[in-house]
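Here is the structure we will look at, set down as C-alpha cells.
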Amino acid sequence: MTTRKLVIDIVGARNLMPKDGQGSSSAYVQVDFDGQRKRTKIIVKDLNPVWDERLEFVVNDPKEMVDDQLVEVNVYNDSKRIGRRSNFLGRVSLVGTCFVKQGEEALIYYPLEKRGLFSLVKGDLGMKIYYLDEAAKPPETPTVQEMKQEAPPAESQQAPADSQPPPEEKPAEAPADGSPPPSEEPAPPPAEGAPDGGSPPPEETPPPPPPEESPPPTEEGNSTSIAEGQPNPDPVEEAPAQSADGPVPTEGAPPPDEPAPVSETFPADQVVRSAPSAAEMFFARTTPTVAHVEVKATIPAVRATGADYIPKDTNPSIGGTNGEKASTYDLVEKMQYLFVRVVKARHLAAKDITLSSDPYVRVTIGSHAARTRTISRSLNPEWNQVFAFGKDKLQASTLEISIWDEDIGKSDDFLGILYFDVAEIPTRVTPDSPLAPQWYRLEEMRGEGRVKGDIMLAVWMGTQADEAFAEAWQSDTGGLSLTRSKVYLSPKLWYLRVNVIEAQDLQPSETSRFPDASVKVQLGFQGQRTRVARKRTNSPFWNEDLLLVAAEPFEEPLILTVEDHHGSEKLELLGQAKISLNTVERRVDDRQVTTKWFNLQKNMDAAADNSDSRYQGRVHLRMCFDGGYHVMDEVTHLSSDLRPTAKQLWKPALGALELGVLGAQHLLPMKTKEGRGATDAYCVAKYGQKWVRTRTIIDSFSPRWNEQYTWEVYDPCTVLTLCVFDNCHLSPDLGGHEKATMGLRDARIGKVRIRLSTLESDRVYTNSFPLLVLQPAGVKKMGEIELAVRFSSFNLFNMMHSYSTPLLPKMHYLYPLGMQQQDVLRNAAMKIVALRLSRSEPPLRPEVVQYVLDSESSMWSMRRSKANWFRIATVLSGCTSLSKWMDDICHWRNPLTTVLVHILFVILICYPELILPTVFFYMFLIGLWQYRFRPRSPPYMDARISQAEVVDRDELDEEFDTVPTSKPPEIVMMRYERLRGLAYRIQMVLGDIATQGERVQSLLTWRDSRATVIFISICFFSAIALYVAPFRLIALLSGMYFLRHPRFREPLPSTILNFFRRLPAQSDRIL
C-alpha cells in the first residue's frame, strides 16, 4: 500500500510590498491544504526573502486531489511583535491539475494575487510543487527486551535536553537570516502533523536568488572544448549600459575600480571576461575550437577602462598660458640653440700642388661635430651654411671652428682654427634683425704649421623662433634632408564631369552588323564606362554623366575610347580621342556648358606619328570642371575642409587654429640600431589643404619638437588630424646619407583627432594624449604626445551663423552624388593626393598620407560593427532611462515625485498652452545643469568606444587581412559562418520590425475579421465618446489611468498589448 504526499518547496519571494512603515517587510508563508496548515520561518526586513523550506502534506484521496482540491498559499508580514496584526502580502491559489510527479518539478515564480479590491499587493513567490508516492511500512511490534534496552537511553537524553536552552532562545546571538526568536513569533498554530510544531528551527539564510531561474550548467562547466589547430574563440564580455562619460555598472555589480574576483578555470590563451549582455549577444557567433589547456584565472566582475588610455592635463611653460607677451611661438616651450653661420673665407693657404685648396669648415662643440660642404679648388670659398646645436645637450664650454683642406687617400690638411667661449656668445631675441657676420683672423694650432686667411662668421644664442632655424643643420635631427620640418599643400582637386551624349559614323570591322557601342573614359589610373547603347546603330546615343577627379596642374590627358561589344567577352576598338584638360571649361554653378564634337582615330599611337589618321567617326561630349563641389579626400564626418573647389565661392575665414607640438613621452622602440632599440619620431598634422611635418628627432624615446603651426578656419565643425610616425628611411649609422631602399614604410606610432567645435574660443588646451595603435595582437599604447591647441574666433556672430548654414556646398544638394559614387571618387582623390605629396622633397610618403586620411575606414570590420551597435545602444539609453523613470512614477516607488507629476499633469491639462513652454524650459534647465559637467579637455581616440580593448584576435586578423584574402580556406569558411550568424540576427530584427508594421496594417484590412470588428467598434464608440465628452476630460482620465496606483494594476500585459500581439502578419506566409 502506498501513501501520497504533496511536497511544496518554498524557495523565496521578490519585490514584496513594504508593510512595516520603514520601507520593508518581515515575511513568512502559510500553506493550507486539505485541512492541514504549515508555515515557514520569518525573514526579518527583507523585500526579497529566501526561505528554501520544504513543506509536506498527506494526500488522503489522490483522485480528489487531481479533481478539485486547492492549495492556498498566503504570504504575511509579521507585525505582532509591535502589537499589530499580521499584514497580508499576497496569495497564490493552485488546483490539483497543476501538480506533477517528483522529477518533473521546476521552480516557478507565481505572481501574488489580491485578496480584495483595496489590497496592496505586488511581487512574486517562487515555489516547486510536486507529489510522490511512498510505500507504507507495517508497524513493528517491539519485544520486551528491546523495550528494556531503549528505555534508559531515552531518560538519559531527556535530562540534558531540558537543562540546555534551545539555540533559538540565546539572547546574545541572533539567527543568521535575521529572523526573530521563536518565542516572539506571531505565527498561528500549525495544523496537526506539522513536523516543526509551529516553531521552525533557525537556519542560516542562503544568498538571495537571481531574478530569474538560471539554466543548468553544461557538461563542460566553465571550461571550453577547443579543437586543435584552430584560432582561439572570442569569449563574450559583458557590456554594461553606456553613457557619454563611461560604462554604467549593472545593479548589484561591484564598482569598476573594485572588481570582485572569482576563481574559475579557463583556457590558457583565452581572455577572461564576464557574462554577455543583450547587445553583445546580438553579435554572438559560432567559433571553432582549439586544444584545451586549463589554468586558474581571476575574473573581474566589471572591467574598467584603462587610465592610461585617457588624456591628461599638463602645465608646460609656454607663453600662451603664463601671461607672457604673445608671440609667434607662444604655444611651445622655448628651446635654446647655439647658432653658427659660416659665410665665407678669404686668402686661405694653398695646400695642393695646383696652388689651391679644397676647403671645408668643421664645427665642433663637445661630442657634437658638423661640417660644411667642400668647395673645390678655391682659396676664397663661400658656404653660407647655418648650424644649430641644442643648448641643453652641450657638453663643453668652448666652440671650435676649423678649416681643412680635403684630400682623398690621405689625411686632410689644416688651414686654421677659431675658439669661442660659450659663456661669452651673445643672445639674439626674436624679432631682432639677424646678427651681422664678422671677419675673424684664423689662428694656428700647435704642431700644424703656420696658417693665413680670414673667415666670416656669425655666432649667437637663439631659439627655434629664429628664421635661420628651419634651414639650419640641427644637432638633434642629424642634419639630413629627410629629418627637416616642412609644410606641404595638397593639390587643387576638381571634379571632371564628362557627359557622353552620342557618336556618329562609327565604322565596325564587320560592315554587315551594327555595333553594340559603349564609351570608356580614362584619366590616369581612373576609368569609367557608359552602358551599351540601347539601339544598335552606327550613331548610338547614351547621354550619360561620368565623373572623375583631376588635380592641378593637369599633366595627363583624357583618353576617350569607343568600343564594340562583339560577343560575350570580345571588345573591338572603334576609335580613340585624346583631350587636353587645359581646354576644358570651368563652372561654379549648375549652368549648362557648350558641347563639342571630337574626331575619333583608330589608335592614339598612330595619330601621334600620322601613320594612320583616318577618320573613324566622331563623338559628342559636354565636359566641364565642376567647381561648385567640394572634392572629398577624407570621410565627411572627419573632414578638415568643406569649401568648394572654386575660389570665387570661398567665404571669409571665421577664425584661426594654432597648434603647438611640444613633445612625446615614453615612446616604445620601433626598430633596432646597433643591437639596441631606437625610435626616430616625427609628427604630421593636416587641416584643410595644409599639411605640416615636424623635424625628425633622432634616436629618442622622449623627443621634444616645440614647433608651432597656424591654419585659417572656415568652418568650426571640422577636424584636425595629427599622427606620429617612426622614420624608417634613415641610414643605420646616421652618417648623413639617405637610405634609398624601396619597400620601407614609416611605422605608425599613433593618431590624435581634435574637433574644433569642441574647443572654447581663445582658450589654450594643454594635454598629453595617448598614442594608441591597433595591431593584429590588439590595441597597444605606444606612448604619449603633448599638444597645445588654441582656437581663436574673429567674429562671434559669424561663428554662430555658420551653424545654420549647409555643411557642404550648394551643388552637393542640387545634384547629389550617390554613396557608392562618393566612395569611388574619395578613393581616387586620396590616391592622387598621396602620389603628388610623395613627389615633394622630402617626400610625404603614401603610407603616411593614407593613415592621416583614414583610407582603411571603408573596409569591413567586426570590431567597428560592434562599436556602432553599442553607440546605438548608448543613444537609445536615454529613451530607456525615460521609460524606467515613467515606470517608477506609475508604480509609486517615490510617492513624492509621483504626486508632483500628477499635479504637473493636471496643470498641463487645464492649461495646454503651457506644454511647449514647459518642455523647452525644462531642456534649458537641463542644459544649465549639464554645464557643470562639460568636458574640460579635447576629445581623444577612445579605445573603449572603439571596442579595441575587448576585441578578439581572430576579428583583428580579419580586419588586417588583405583584399583579396590571403588566409587558408578553413579560416575563410569559419569567418563566413560567423558572418552568416550575424546576418541571421539582423534578419530576425528586420523581421520583427516588419511584423509590427504589418500588424498595424491588418487592423483595417479584414485579414482577421474578428479583430477588425473589435477595432472598428472601439473606434466608433471612441469617436462618440470624444465628441460628447470634453477633450480635456478625456485627456485627464487617460493620464490618471496611466498613472494609477499599483493596487489597481495587474502584473500581466495590458489588454491593448494582448490584442495587438494577436493580430496577423505576413511572417506565416514566408517560405
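Labels used: A, B, ... for chains in the order of the C-alpha cells, numbers from 1 for residues in each chain, and numbers from 1 for ligands as shown.
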
### Task
May I have the residues within 7 Å of Pro491 in chain A as a ChimeraX atom specification, using only C-alpha atoms and disregarding those fewer than 5 positions away in the same chain?
/A:551-552,833

Saved selection, atoms kept: C-alpha atoms, as a PDB file, in the first residue's frame:
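Output saved as part_9.pdb:
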ATOM      1  CA  ALA A 551      44.398  67.638 -59.979  1.00  0.00           C
ATOM      2  CA  GLU A 552      46.162  70.855 -60.950  1.00  0.00           C
ATOM      3  CA  VAL A 833      46.988  63.402 -53.065  1.00  0.00           C
TER       4      VAL A 833
END

### Query
Any idea what's packed within 8 Å of Val549 in chain A, counting only C-alpha atoms, ignoring anything in its chain fewer than 4 positions away? Could you give it as a PyMOL selection string?
chain A and resi 493-496+631+825+828-829

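Comparing A:His902, A:Lys780, A:His637, A:Arg893 by their smallest distance to Leu807 in chain A, the closest is A:His637 (using only C-alpha atoms).
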
### Message
Residues of range 606-839 of chain A classed as strand (DSSP E or B) by DSSP on the backbone are to be reported as a ChimeraX atom specification.
### Response
/A:618-626,655-665,671-673,676-678,681-687,690-693,697,704-713,719-726,730,738,747-755,761,764-775,778-793

Give me the residues within 9 Å of range 705-707 of chain A as an mmCIF file with all heavy atoms, in the first residue's frame, counting only C-alpha atoms and dropping any in the same chain fewer than 5 places off.
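Result file part09.cif:
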data_model
loop_
_atom_site.group_PDB
_atom_site.id
_atom_site.type_symbol
_atom_site.label_atom_id
_atom_site.label_comp_id
_atom_site.auth_asym_id
_atom_site.auth_seq_id
_atom_site.Cartn_x
_atom_site.Cartn_y
_atom_site.Cartn_z
ATOM 1 N N TYR A 329 55.605 82.073 -31.299
ATOM 2 C CA TYR A 329 55.793 80.759 -30.689
ATOM 3 C C TYR A 329 55.366 80.803 -29.225
ATOM 4 O O TYR A 329 56.144 80.506 -28.317
ATOM 5 C CB TYR A 329 57.264 80.340 -30.794
ATOM 6 C CG TYR A 329 57.660 79.849 -32.157
ATOM 7 C CD1 TYR A 329 57.903 80.732 -33.194
ATOM 8 C CD2 TYR A 329 57.781 78.494 -32.422
ATOM 9 C CE1 TYR A 329 58.249 80.291 -34.457
ATOM 10 C CE2 TYR A 329 58.126 78.033 -33.686
ATOM 11 C CZ TYR A 329 58.359 78.945 -34.691
ATOM 12 O OH TYR A 329 58.699 78.496 -35.946
ATOM 13 N N LEU A 331 52.821 78.991 -27.976
ATOM 14 C CA LEU A 331 52.193 77.733 -27.563
ATOM 15 C C LEU A 331 53.207 76.618 -27.358
ATOM 16 O O LEU A 331 52.810 75.468 -27.155
ATOM 17 C CB LEU A 331 51.151 77.288 -28.599
ATOM 18 C CG LEU A 331 49.910 78.166 -28.740
ATOM 19 C CD1 LEU A 331 48.930 77.526 -29.716
ATOM 20 C CD2 LEU A 331 49.237 78.379 -27.399
ATOM 21 N N VAL A 332 54.478 76.929 -27.451
ATOM 22 C CA VAL A 332 55.520 75.916 -27.272
ATOM 23 C C VAL A 332 56.547 76.456 -26.294
ATOM 24 O O VAL A 332 56.633 77.670 -26.030
ATOM 25 C CB VAL A 332 56.190 75.552 -28.614
ATOM 26 C CG1 VAL A 332 55.205 74.871 -29.538
ATOM 27 C CG2 VAL A 332 56.775 76.787 -29.285
ATOM 28 N N GLU A 333 57.323 75.544 -25.764
ATOM 29 C CA GLU A 333 58.397 75.927 -24.867
ATOM 30 C C GLU A 333 59.588 76.442 -25.670
ATOM 31 O O GLU A 333 59.871 75.952 -26.771
ATOM 32 C CB GLU A 333 58.820 74.728 -24.014
ATOM 33 C CG GLU A 333 57.709 74.192 -23.130
ATOM 34 C CD GLU A 333 58.114 72.917 -22.425
ATOM 35 O OE1 GLU A 333 59.110 72.300 -22.863
ATOM 36 O OE2 GLU A 333 57.458 72.550 -21.431
ATOM 37 N N LYS A 334 60.284 77.412 -25.108
ATOM 38 C CA LYS A 334 61.457 77.952 -25.774
ATOM 39 C C LYS A 334 62.614 76.968 -25.646
ATOM 40 O O LYS A 334 62.948 76.515 -24.559
ATOM 41 C CB LYS A 334 61.840 79.303 -25.167
ATOM 42 C CG LYS A 334 60.831 80.403 -25.439
ATOM 43 C CD LYS A 334 61.297 81.727 -24.857
ATOM 44 C CE LYS A 334 60.297 82.840 -25.157
ATOM 45 N NZ LYS A 334 60.736 84.147 -24.588
ATOM 46 N N MET A 335 63.220 76.668 -26.783
ATOM 47 C CA MET A 335 64.381 75.780 -26.821
ATOM 48 C C MET A 335 65.597 76.599 -27.249
ATOM 49 O O MET A 335 65.593 77.200 -28.338
ATOM 50 C CB MET A 335 64.146 74.620 -27.787
ATOM 51 C CG MET A 335 62.948 73.763 -27.432
ATOM 52 S SD MET A 335 62.703 72.412 -28.611
ATOM 53 C CE MET A 335 64.174 71.421 -28.306
ATOM 54 N N GLN A 464 64.098 78.340 -31.314
ATOM 55 C CA GLN A 464 63.562 77.772 -32.540
ATOM 56 C C GLN A 464 62.735 78.783 -33.327
ATOM 57 O O GLN A 464 62.337 78.515 -34.466
ATOM 58 C CB GLN A 464 62.710 76.527 -32.235
ATOM 59 C CG GLN A 464 61.352 76.807 -31.607
ATOM 60 C CD GLN A 464 61.412 76.868 -30.104
ATOM 61 O OE1 GLN A 464 62.423 77.230 -29.518
ATOM 62 N NE2 GLN A 464 60.308 76.491 -29.445
ATOM 63 N N ALA A 465 62.451 79.958 -32.737
ATOM 64 C CA ALA A 465 61.729 81.004 -33.463
ATOM 65 C C ALA A 465 62.634 81.758 -34.415
ATOM 66 O O ALA A 465 62.143 82.574 -35.209
ATOM 67 C CB ALA A 465 61.094 81.977 -32.470
ATOM 68 N N SER A 485 61.777 69.875 -40.827
ATOM 69 C CA SER A 485 60.352 70.193 -40.800
ATOM 70 C C SER A 485 59.966 70.881 -42.099
ATOM 71 O O SER A 485 60.721 71.698 -42.631
ATOM 72 C CB SER A 485 60.027 71.092 -39.609
ATOM 73 O OG SER A 485 60.782 72.285 -39.675
ATOM 74 N N LEU A 659 48.376 75.291 -33.349
ATOM 75 C CA LEU A 659 48.771 74.003 -32.783
ATOM 76 C C LEU A 659 50.231 74.061 -32.378
ATOM 77 O O LEU A 659 51.094 74.409 -33.192
ATOM 78 C CB LEU A 659 48.553 72.870 -33.801
ATOM 79 C CG LEU A 659 49.107 71.499 -33.422
ATOM 80 C CD1 LEU A 659 48.342 70.917 -32.234
ATOM 81 C CD2 LEU A 659 49.047 70.539 -34.600
ATOM 82 N N GLY A 660 50.487 73.722 -31.139
ATOM 83 C CA GLY A 660 51.853 73.603 -30.649
ATOM 84 C C GLY A 660 52.177 72.158 -30.350
ATOM 85 O O GLY A 660 51.551 71.549 -29.476
ATOM 86 N N VAL A 661 53.109 71.590 -31.109
ATOM 87 C CA VAL A 661 53.539 70.209 -30.897
ATOM 88 C C VAL A 661 54.740 70.271 -29.963
ATOM 89 O O VAL A 661 55.868 70.572 -30.388
ATOM 90 C CB VAL A 661 53.896 69.523 -32.230
ATOM 91 C CG1 VAL A 661 54.229 68.058 -31.996
ATOM 92 C CG2 VAL A 661 52.752 69.661 -33.221
ATOM 93 N N LEU A 662 54.515 70.009 -28.677
ATOM 94 C CA LEU A 662 55.574 70.172 -27.692
ATOM 95 C C LEU A 662 56.541 68.990 -27.694
ATOM 96 O O LEU A 662 57.743 69.158 -27.848
ATOM 97 C CB LEU A 662 54.976 70.363 -26.293
ATOM 98 C CG LEU A 662 54.425 71.766 -25.993
ATOM 99 C CD1 LEU A 662 53.071 71.971 -26.647
ATOM 100 C CD2 LEU A 662 54.323 71.995 -24.507
ATOM 101 N N GLY A 663 56.029 67.779 -27.506
ATOM 102 C CA GLY A 663 56.912 66.624 -27.467
ATOM 103 C C GLY A 663 56.141 65.363 -27.185
ATOM 104 O O GLY A 663 54.909 65.351 -27.081
ATOM 105 N N ALA A 664 56.877 64.283 -27.058
ATOM 106 C CA ALA A 664 56.305 62.973 -26.765
ATOM 107 C C ALA A 664 57.068 62.357 -25.594
ATOM 108 O O ALA A 664 58.206 62.751 -25.285
ATOM 109 C CB ALA A 664 56.357 62.059 -27.984
ATOM 110 N N TYR A 682 58.620 61.552 -35.785
ATOM 111 C CA TYR A 682 58.197 62.842 -36.328
ATOM 112 C C TYR A 682 56.676 62.858 -36.389
ATOM 113 O O TYR A 682 56.012 61.815 -36.345
ATOM 114 C CB TYR A 682 58.803 63.100 -37.710
ATOM 115 C CG TYR A 682 58.292 62.203 -38.817
ATOM 116 C CD1 TYR A 682 57.220 62.578 -39.621
ATOM 117 C CD2 TYR A 682 58.892 60.975 -39.069
ATOM 118 C CE1 TYR A 682 56.760 61.763 -40.636
ATOM 119 C CE2 TYR A 682 58.444 60.151 -40.091
ATOM 120 C CZ TYR A 682 57.379 60.546 -40.865
ATOM 121 O OH TYR A 682 56.921 59.731 -41.874
ATOM 122 N N CYS A 683 56.114 64.061 -36.482
ATOM 123 C CA CYS A 683 54.653 64.233 -36.492
ATOM 124 C C CYS A 683 54.217 64.815 -37.827
ATOM 125 O O CYS A 683 54.949 65.592 -38.453
ATOM 126 C CB CYS A 683 54.199 65.163 -35.363
ATOM 127 S SG CYS A 683 54.600 64.592 -33.713
ATOM 128 N N THR A 694 56.803 67.865 -38.716
ATOM 129 C CA THR A 694 57.846 68.322 -37.813
ATOM 130 C C THR A 694 59.174 67.671 -38.192
ATOM 131 O O THR A 694 59.227 66.744 -39.011
ATOM 132 C CB THR A 694 57.498 67.970 -36.361
ATOM 133 O OG1 THR A 694 57.512 66.545 -36.202
ATOM 134 C CG2 THR A 694 56.131 68.499 -35.983
ATOM 135 N N ARG A 695 60.222 68.147 -37.605
ATOM 136 C CA ARG A 695 61.521 67.539 -37.847
ATOM 137 C C ARG A 695 61.592 66.183 -37.144
ATOM 138 O O ARG A 695 60.871 65.940 -36.166
ATOM 139 C CB ARG A 695 62.641 68.449 -37.364
ATOM 140 C CG ARG A 695 62.670 68.689 -35.865
ATOM 141 C CD ARG A 695 63.674 69.785 -35.535
ATOM 142 N NE ARG A 695 63.877 69.917 -34.093
ATOM 143 C CZ ARG A 695 63.084 70.593 -33.287
ATOM 144 N NH1 ARG A 695 62.025 71.211 -33.789
ATOM 145 N NH2 ARG A 695 63.343 70.667 -31.989
ATOM 146 N N THR A 696 62.431 65.330 -37.619
ATOM 147 C CA THR A 696 62.617 64.000 -37.040
ATOM 148 C C THR A 696 63.682 64.073 -35.954
ATOM 149 O O THR A 696 64.821 64.500 -36.223
ATOM 150 C CB THR A 696 63.032 62.993 -38.118
ATOM 151 O OG1 THR A 696 62.022 62.952 -39.126
ATOM 152 C CG2 THR A 696 63.196 61.610 -37.517
ATOM 153 N N ILE A 697 63.316 63.710 -34.745
ATOM 154 C CA ILE A 697 64.259 63.676 -33.633
ATOM 155 C C ILE A 697 64.914 62.300 -33.636
ATOM 156 O O ILE A 697 64.233 61.277 -33.483
ATOM 157 C CB ILE A 697 63.561 63.956 -32.300
ATOM 158 C CG1 ILE A 697 62.818 65.284 -32.376
ATOM 159 C CG2 ILE A 697 64.573 63.960 -31.170
ATOM 160 C CD1 ILE A 697 63.688 66.485 -32.632
#

Shell of 7 Å around Asp564 in chain A, only C-alpha atoms, local chain residues under 2 positions omitted, as a CSV table (one decimal) with N, CA, C and O atoms, in the first residue's frame:
chain,number,residue,atom,x,y,z
A,515,PRO,N,27.2,48.1,-84.5
A,515,PRO,CA,27.9,47.8,-83.3
A,515,PRO,C,27.1,48.0,-82.0
A,515,PRO,O,26.1,48.8,-82.0
A,516,ASP,N,27.4,47.2,-81.0
A,516,ASP,CA,26.9,47.4,-79.6
A,516,ASP,C,28.0,48.3,-78.9
A,516,ASP,O,28.9,47.8,-78.2
A,517,ALA,N,27.8,49.6,-79.0
A,517,ALA,CA,28.9,50.5,-78.6
A,517,ALA,C,28.7,51.0,-77.2
A,517,ALA,O,27.6,51.2,-76.7
A,518,SER,N,29.9,51.2,-76.6
A,518,SER,CA,30.0,51.9,-75.3
A,518,SER,C,31.2,52.7,-75.3
A,518,SER,O,32.1,52.6,-76.1
A,566,HIS,N,31.5,42.9,-79.1
A,566,HIS,CA,31.2,41.9,-80.1
A,566,HIS,C,31.4,40.5,-79.4
A,566,HIS,O,32.5,40.1,-79.1
A,571,LEU,N,36.0,42.7,-77.1
A,571,LEU,CA,35.8,44.1,-77.3
A,571,LEU,C,36.6,44.5,-78.5
A,571,LEU,O,37.8,44.2,-78.6
A,572,GLU,N,36.0,45.3,-79.4
A,572,GLU,CA,36.6,45.8,-80.6
A,572,GLU,C,36.8,47.3,-80.5
A,572,GLU,O,35.8,48.0,-80.2
A,573,LEU,N,38.0,47.8,-80.7
A,573,LEU,CA,38.2,49.2,-80.7
A,573,LEU,C,37.7,49.9,-81.9
A,573,LEU,O,38.0,49.5,-83.1
A,574,LEU,N,36.8,50.8,-81.7
A,574,LEU,CA,36.2,51.6,-82.9
A,574,LEU,C,36.9,52.9,-83.1
A,574,LEU,O,36.8,53.4,-84.2

#### Entry: Contact residues around Lys114 in chain A with only C-alpha atoms at 6 Å, ignoring same-chain residues under 5 positions, as a VMD selection string
chain A and resid 90 119 121

Range 388-396 of chain A: which residues within 9 Å, counting only C-alpha atoms, same-chain residues fewer than 4 positions away excluded, as a PDB file with C-alpha atoms, in the first residue's frame?
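Once everything was written out, this is selection.pdb:
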ATOM      1  CA  MET A 335      64.381  75.780 -26.821  1.00  0.00           C
ATOM      2  CA  GLN A 336      67.794  77.422 -26.696  1.00  0.00           C
ATOM      3  CA  TYR A 337      70.170  76.741 -29.581  1.00  0.00           C
ATOM      4  CA  LEU A 338      73.714  77.760 -30.381  1.00  0.00           C
ATOM      5  CA  PHE A 339      73.710  79.083 -33.973  1.00  0.00           C
ATOM      6  CA  VAL A 340      76.818  79.219 -36.138  1.00  0.00           C
ATOM      7  CA  ARG A 341      76.559  80.811 -39.582  1.00  0.00           C
ATOM      8  CA  ILE A 365      81.492  71.504 -29.541  1.00  0.00           C
ATOM      9  CA  GLY A 366      81.931  68.636 -27.143  1.00  0.00           C
ATOM     10  CA  SER A 367      80.731  65.395 -28.771  1.00  0.00           C
ATOM     11  CA  HIS A 368      78.782  67.227 -31.483  1.00  0.00           C
ATOM     12  CA  VAL A 422      80.184  79.613 -24.980  1.00  0.00           C
ATOM     13  CA  MET A 461      72.318  82.103 -28.963  1.00  0.00           C
ATOM     14  CA  ALA A 468      67.571  80.572 -39.610  1.00  0.00           C
ATOM     15  CA  PHE A 469      66.392  77.533 -37.646  1.00  0.00           C
ATOM     16  CA  ALA A 472      69.914  75.044 -40.322  1.00  0.00           C
ATOM     17  CA  TRP A 473      71.788  71.830 -39.705  1.00  0.00           C
ATOM     18  CA  GLN A 474      70.327  70.668 -36.380  1.00  0.00           C
ATOM     19  CA  SER A 475      72.141  68.508 -33.895  1.00  0.00           C
ATOM     20  CA  ASP A 476      69.029  66.622 -32.752  1.00  0.00           C
TER      21      ASP A 476
END

### Message
Residues within 10 Å of Leu649 in chain A, please, as an MDAnalysis selection string. Count only C-alpha atoms; anything in the same chain fewer than 5 positions from it doesn't count.
### Response
chainID A and resid 588:589 627:628 643:644 809

Can I get the selection written as a PDB file, in the first residue's frame, with N, CA, C and O atoms?
ATOM      1  N   VAL A 588      31.138  77.200 -61.886  1.00  0.00           N
ATOM      2  CA  VAL A 588      30.987  77.260 -60.432  1.00  0.00           C
ATOM      3  C   VAL A 588      29.543  77.027 -59.996  1.00  0.00           C
ATOM      4  O   VAL A 588      29.248  77.050 -58.801  1.00  0.00           O
ATOM      5  N   ASP A 589      28.623  76.828 -60.963  1.00  0.00           N
ATOM      6  CA  ASP A 589      27.221  76.603 -60.630  1.00  0.00           C
ATOM      7  C   ASP A 589      26.700  75.482 -61.528  1.00  0.00           C
ATOM      8  O   ASP A 589      27.481  74.692 -62.076  1.00  0.00           O
ATOM      9  N   GLY A 627      33.371  73.301 -60.269  1.00  0.00           N
ATOM     10  CA  GLY A 627      33.998  73.973 -59.136  1.00  0.00           C
ATOM     11  C   GLY A 627      33.066  74.204 -57.971  1.00  0.00           C
ATOM     12  O   GLY A 627      33.495  74.670 -56.913  1.00  0.00           O
ATOM     13  N   GLY A 628      31.770  73.907 -58.128  1.00  0.00           N
ATOM     14  CA  GLY A 628      30.826  74.098 -57.031  1.00  0.00           C
ATOM     15  C   GLY A 628      30.809  72.968 -56.034  1.00  0.00           C
ATOM     16  O   GLY A 628      30.143  73.070 -54.998  1.00  0.00           O
ATOM     17  N   ARG A 643      35.147  73.498 -48.114  1.00  0.00           N
ATOM     18  CA  ARG A 643      34.952  74.557 -49.100  1.00  0.00           C
ATOM     19  C   ARG A 643      34.867  73.982 -50.506  1.00  0.00           C
ATOM     20  O   ARG A 643      35.465  72.935 -50.795  1.00  0.00           O
ATOM     21  N   PRO A 644      34.160  74.661 -51.415  1.00  0.00           N
ATOM     22  CA  PRO A 644      34.138  74.206 -52.812  1.00  0.00           C
ATOM     23  C   PRO A 644      35.493  74.432 -53.471  1.00  0.00           C
ATOM     24  O   PRO A 644      36.341  75.177 -52.977  1.00  0.00           O
ATOM     25  N   PRO A 809      28.883  72.439 -49.885  1.00  0.00           N
ATOM     26  CA  PRO A 809      28.471  73.456 -50.871  1.00  0.00           C
ATOM     27  C   PRO A 809      27.138  73.121 -51.531  1.00  0.00           C
ATOM     28  O   PRO A 809      26.637  71.991 -51.469  1.00  0.00           O
TER      29      PRO A 809
END

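In this structure, CA of Asp32 in chain A sits 24.5 Å away from CA of Pro1051 in chain A.
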
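The coordinates place CA of Tyr931 in chain A at 25.7 Å from CA of Glu658 in chain A.
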
### Summary
Correct to one decimal, the distance CA of Asn87 in chain A-CA of Val11 in chain A is 20.6 Å
